[in-house]
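The structure appears right after this line, and notes come after that.
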Amino acid sequence: GAHALFDYNRENFMYDREMRQEQEFHIAEFRIKQVEMWREDVRDLIGLTASKMDKYLVVGTIQLGMCVTLLTEGRLEPGTPGWLLRLYTLTLGAAFLYLLLSVWLAMHAAVVAQSSSVRLLTQLVRLPVPTWEEIEAMRTYGASFEGVAARQMLRVPFADAAISLAKDDPRAGAGSIADDRANPVDPWGLERQGRDIHELQQKPVAALRHIKLVRRAAAQFRCYDAFARVSMSFGTNQLLYAV
């Protein structure tokens, strides 16, 4: 009987270790896929600014060309009042300066945004590729069975579960079952809880680490983005006045 119990528990031990190793491999894959999604979020959020700046640069450059053309070839007819000529030159000059400032700010915002994205992706939001020590910790040697307690080596099937149910309070039976499912216990004392795995924790999007990092990085270029739009608005307004 003792020999049969020993063989039964050793077989269970080896089966649990195989399942545990497959679980660890899946956890590593899930962590990598989660971080890949986070990296894609970083590219999308910061790339939005770079994309907007590209469009601002195109529009601003076209309007700058219009200002240069009006200043060089768009001369007013002879006999135009002096005050109107001065106002025309003033509005065109103001439009040129505003649009030039908008182009410069848009270029600077695009460069800073791209640099921030590269910094986040290369230094802070990295793929959690397992190290050799972590991969080695995923395996369990067959000799580890020799280190378990003798009571576990000769554990009688269903006996522990029956004793636990007998000790439970009947009024809290449903809660006890739910707690057992939420907090599974490794009978061999070799497995870990996964609640400390950062990539597999459920959090609101605003509380995720990579979102906070993107917000912190956005402080470096969002002011240039805003003032590029303001300068383009003023430049376009002055150009329309001149026309």
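Residue numbering restarts at 1 in every chain; chains get A, B, ... in the order shown in the structure tokens, and ligands count up from 1 in that same order.
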Would you mind listing what lies within 9 Å of A:Val68 as a CSV table (one decimal) with C-alpha atoms, in the first residue's frame, with only C-alpha atoms counted and same-chain residues fewer than 5 positions away left out?
```csv
chain,number,residue,atom,x,y,z
A,63,GLN,CA,1.6,79.7,-47.0
A,73,GLU,CA,5.6,89.8,-57.4
A,92,LEU,CA,2.4,90.3,-45.2
A,96,PHE,CA,5.5,85.7,-42.9
```
For this session: Using only C-alpha atoms, determine which residues lie at most 10 Å from A:Arg126, disregarding the query and same-chain residues fewer than 5 positions distant; provide the list as a list in words.
Result: Ile32, Val35, Glu36, Trp38, Arg39, Leu120 and Leu121 of chain A
Could you take the residues named above and write them with C-alpha atoms, as a compact mmCIF listing (two decimals), in the first residue's frame?
```txt
# COMPACT_ATOMS: atom_id res chain seq x y z
CA ILE A 32 5.69 39.77 -24.07
CA VAL A 35 4.30 44.77 -23.55
CA GLU A 36 4.13 44.67 -27.36
CA TRP A 38 2.08 48.86 -24.68
CA ARG A 39 4.88 49.67 -27.11
CA LEU A 120 10.67 55.31 -24.12
CA LEU A 121 10.90 52.30 -26.43
```
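Note that atom CA of A:Gly142 and atom CA of A:Val129 are 26.3 Å apart.
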For this session: Identify, on the basis of only C-alpha atoms, every residue whose closest approach to A:Thr61 does not exceed 10 Å; exclude the query and any residue fewer than 5 positions from it along the same chain; express the result as a list in words.
Result: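 The residues satisfying every condition are Lys55, Tyr56, Met66, Cys67, Leu99, Leu100, Ser102 and Val103 of chain A.
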Problem set entry | Within 8 Å of stretch 201-214 of chain A using only C-alpha atoms, minus same-chain residues under 5 positions, as a list of chain:residue names |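 Final neighbour list, sorted by chain and number: A:Trp38, A:Val42, A:Leu45, A:Ile46, A:Leu120, A:Val125, A:Arg195, A:Asp196.
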Selection above as a file: all heavy atoms, as an mmCIF file, in the first residue's frame:
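And here is the file that came out, again_15.cif:
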```cif
data_model
loop_
_atom_site.group_PDB
_atom_site.id
_atom_site.type_symbol
_atom_site.label_atom_id
_atom_site.label_comp_id
_atom_site.auth_asym_id
_atom_site.auth_seq_id
_atom_site.Cartn_x
_atom_site.Cartn_y
_atom_site.Cartn_z
ATOM 1 N N TRP A 38 1.697 47.599 -25.301
ATOM 2 C CA TRP A 38 2.081 48.863 -24.677
ATOM 3 C C TRP A 38 3.027 49.654 -25.575
ATOM 4 O O TRP A 38 2.901 50.882 -25.686
ATOM 5 C CB TRP A 38 2.732 48.591 -23.328
ATOM 6 C CG TRP A 38 1.774 48.067 -22.302
ATOM 7 C CD1 TRP A 38 0.416 48.016 -22.406
ATOM 8 C CD2 TRP A 38 2.095 47.524 -21.024
ATOM 9 N NE1 TRP A 38 -0.125 47.466 -21.263
ATOM 10 C CE2 TRP A 38 0.864 47.165 -20.402
ATOM 11 C CE3 TRP A 38 3.291 47.305 -20.337
ATOM 12 C CZ2 TRP A 38 0.820 46.597 -19.134
ATOM 13 C CZ3 TRP A 38 3.233 46.739 -19.076
ATOM 14 C CH2 TRP A 38 2.014 46.389 -18.485
ATOM 15 N N VAL A 42 2.554 53.441 -27.208
ATOM 16 C CA VAL A 42 3.527 54.541 -27.177
ATOM 17 C C VAL A 42 3.732 55.093 -28.583
ATOM 18 O O VAL A 42 3.749 56.319 -28.793
ATOM 19 C CB VAL A 42 4.856 54.059 -26.575
ATOM 20 C CG1 VAL A 42 5.933 55.135 -26.715
ATOM 21 C CG2 VAL A 42 4.679 53.685 -25.106
ATOM 22 N N LEU A 45 0.432 57.042 -29.625
ATOM 23 C CA LEU A 45 0.181 58.292 -28.906
ATOM 24 C C LEU A 45 1.178 59.373 -29.294
ATOM 25 O O LEU A 45 0.797 60.529 -29.517
ATOM 26 C CB LEU A 45 0.234 58.036 -27.398
ATOM 27 C CG LEU A 45 -0.913 57.177 -26.831
ATOM 28 C CD1 LEU A 45 -0.653 56.841 -25.374
ATOM 29 C CD2 LEU A 45 -2.236 57.904 -26.977
ATOM 30 N N ILE A 46 2.452 59.016 -29.362
ATOM 31 C CA ILE A 46 3.459 60.021 -29.709
ATOM 32 C C ILE A 46 3.507 60.236 -31.218
ATOM 33 O O ILE A 46 3.761 61.352 -31.687
ATOM 34 C CB ILE A 46 4.834 59.599 -29.157
ATOM 35 C CG1 ILE A 46 4.763 59.523 -27.625
ATOM 36 C CG2 ILE A 46 5.919 60.570 -29.590
ATOM 37 C CD1 ILE A 46 6.078 59.206 -26.966
ATOM 38 N N LEU A 120 11.581 56.180 -24.853
ATOM 39 C CA LEU A 120 10.671 55.308 -24.117
ATOM 40 C C LEU A 120 10.788 53.859 -24.580
ATOM 41 O O LEU A 120 10.795 52.935 -23.768
ATOM 42 C CB LEU A 120 9.230 55.793 -24.284
ATOM 43 C CG LEU A 120 8.852 57.113 -23.617
ATOM 44 C CD1 LEU A 120 7.400 57.466 -23.918
ATOM 45 C CD2 LEU A 120 9.067 57.039 -22.117
ATOM 46 N N VAL A 125 10.177 51.089 -21.829
ATOM 47 C CA VAL A 125 9.121 50.113 -22.155
ATOM 48 C C VAL A 125 9.760 49.010 -22.995
ATOM 49 O O VAL A 125 9.623 48.966 -24.215
ATOM 50 C CB VAL A 125 7.947 50.779 -22.901
ATOM 51 C CG1 VAL A 125 6.789 49.800 -23.056
ATOM 52 C CG2 VAL A 125 7.472 52.014 -22.163
ATOM 53 N N ARG A 195 -0.020 37.181 -8.739
ATOM 54 C CA ARG A 195 -0.574 38.525 -8.569
ATOM 55 C C ARG A 195 0.486 39.619 -8.646
ATOM 56 O O ARG A 195 0.153 40.786 -8.829
ATOM 57 C CB ARG A 195 -1.301 38.612 -7.224
ATOM 58 C CG ARG A 195 -2.506 37.688 -7.109
ATOM 59 C CD ARG A 195 -3.299 37.982 -5.850
ATOM 60 N NE ARG A 195 -4.426 37.068 -5.701
ATOM 61 C CZ ARG A 195 -4.362 35.918 -5.060
ATOM 62 N NH1 ARG A 195 -3.221 35.543 -4.488
ATOM 63 N NH2 ARG A 195 -5.419 35.128 -4.973
ATOM 64 N N ASP A 196 1.753 39.259 -8.487
ATOM 65 C CA ASP A 196 2.813 40.263 -8.517
ATOM 66 C C ASP A 196 3.374 40.473 -9.920
ATOM 67 O O ASP A 196 4.298 41.277 -10.094
ATOM 68 C CB ASP A 196 3.944 39.856 -7.567
ATOM 69 C CG ASP A 196 4.542 38.501 -7.944
ATOM 70 O OD1 ASP A 196 3.831 37.711 -8.592
ATOM 71 O OD2 ASP A 196 5.701 38.244 -7.586
#
```
Exercise. Nearest to A:Ala28: which of A:Leu71, A:Met138, A:Ala106, A:Leu124 is it, counting only C-alpha atoms?
Worked result: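 Looking only at the distances to A:Ala28, the closest residue turns out to be A:Met138.
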For this session: Identify which of the residues A:Gln193, A:Ala113, A:Ser231, A:Gly147 lies closest to A:Arg216, counting only C-alpha atoms when measuring atom-to-atom distances.
Result: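 Using only C-alpha atoms, A:Arg216 sits closest to A:Ala113.
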Exercise. Nearest to A:Glu22 among A:Thr140, A:Thr69, A:Thr91, A:Gln152, with distances taken over only C-alpha atoms: which residue is it?
Worked result: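 Using only C-alpha atoms, A:Glu22 sits closest to A:Thr140.
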Find the residues near A:Asp54: any atom within 12 Å, counting only C-alpha atoms, skip ones fewer than 6 places away on the same chain, and give them as a JSON list (two decimals) with N, CA and C atoms, in the first residue's frame.
```
[["chain", "number", "residue", "atom", "x", "y", "z"],
["A", 47, "GLY", "N", 3.23, 59.18, -31.98],
["A", 47, "GLY", "CA", 3.21, 59.34, -33.43],
["A", 47, "GLY", "C", 2.11, 60.27, -33.91],
["A", 48, "LEU", "N", 1.04, 60.41, -33.10],
["A", 48, "LEU", "CA", -0.03, 61.33, -33.47],
["A", 48, "LEU", "C", 0.49, 62.76, -33.57],
["A", 60, "GLY", "N", 2.11, 75.17, -43.62],
["A", 60, "GLY", "CA", 2.90, 76.36, -43.31],
["A", 60, "GLY", "C", 3.88, 76.71, -44.43],
["A", 61, "THR", "N", 4.49, 75.70, -45.05],
["A", 61, "THR", "CA", 5.44, 75.97, -46.14],
["A", 61, "THR", "C", 4.72, 76.55, -47.35],
["A", 102, "SER", "N", 5.70, 79.22, -36.94],
["A", 102, "SER", "CA", 4.91, 77.99, -36.88],
["A", 102, "SER", "C", 5.67, 76.81, -37.46],
["A", 103, "VAL", "N", 6.35, 77.02, -38.58],
["A", 103, "VAL", "CA", 7.13, 75.94, -39.19],
["A", 103, "VAL", "C", 8.26, 75.51, -38.27],
["A", 104, "TRP", "N", 8.93, 76.48, -37.66],
["A", 104, "TRP", "CA", 10.04, 76.13, -36.76],
["A", 104, "TRP", "C", 9.53, 75.36, -35.54],
["A", 105, "LEU", "N", 8.42, 75.82, -34.95],
["A", 105, "LEU", "CA", 7.87, 75.13, -33.78],
["A", 105, "LEU", "C", 7.39, 73.73, -34.15],
["A", 106, "ALA", "N", 6.77, 73.57, -35.33],
["A", 106, "ALA", "CA", 6.31, 72.26, -35.76],
["A", 106, "ALA", "C", 7.48, 71.30, -35.96],
["A", 107, "MET", "N", 8.56, 71.80, -36.55],
["A", 107, "MET", "CA", 9.75, 70.96, -36.73],
["A", 107, "MET", "C", 10.32, 70.55, -35.38],
["A", 108, "HIS", "N", 10.39, 71.48, -34.46],
["A", 108, "HIS", "CA", 10.95, 71.17, -33.14],
["A", 108, "HIS", "C", 10.06, 70.17, -32.40],
["A", 109, "ALA", "N", 8.74, 70.35, -32.48],
["A", 109, "ALA", "CA", 7.82, 69.43, -31.81],
["A", 109, "ALA", "C", 7.95, 68.02, -32.38],
["A", 110, "ALA", "N", 8.07, 67.91, -33.71],
["A", 110, "ALA", "CA", 8.20, 66.59, -34.34],
["A", 110, "ALA", "C", 9.49, 65.91, -33.91],
["A", 111, "VAL", "N", 10.59, 66.68, -33.85],
["A", 111, "VAL", "CA", 11.88, 66.09, -33.46],
["A", 111, "VAL", "C", 11.85, 65.64, -32.00],
["A", 113, "ALA", "N", 9.18, 64.89, -30.18],
["A", 113, "ALA", "CA", 8.25, 63.77, -30.03],
["A", 113, "ALA", "C", 8.90, 62.47, -30.48],
["A", 225, "ASP", "N", 3.74, 72.06, -29.88],
["A", 225, "ASP", "CA", 2.58, 71.71, -30.70],
["A", 225, "ASP", "C", 1.52, 72.80, -30.62],
["A", 228, "ALA", "N", 2.64, 76.09, -32.24],
["A", 228, "ALA", "CA", 2.70, 75.96, -33.70],
["A", 228, "ALA", "C", 1.33, 76.20, -34.32]]
```
Problem set entry | Who sits within 12 Å of A:Ala150, only C-alpha atoms, same chain under 5 positions skipped, as a list of chain:residue names | A:Ala2, A:Leu5, A:Phe6, A:Asn9, A:Arg10, A:Phe145, A:Arg155, A:Val156, A:Trp188
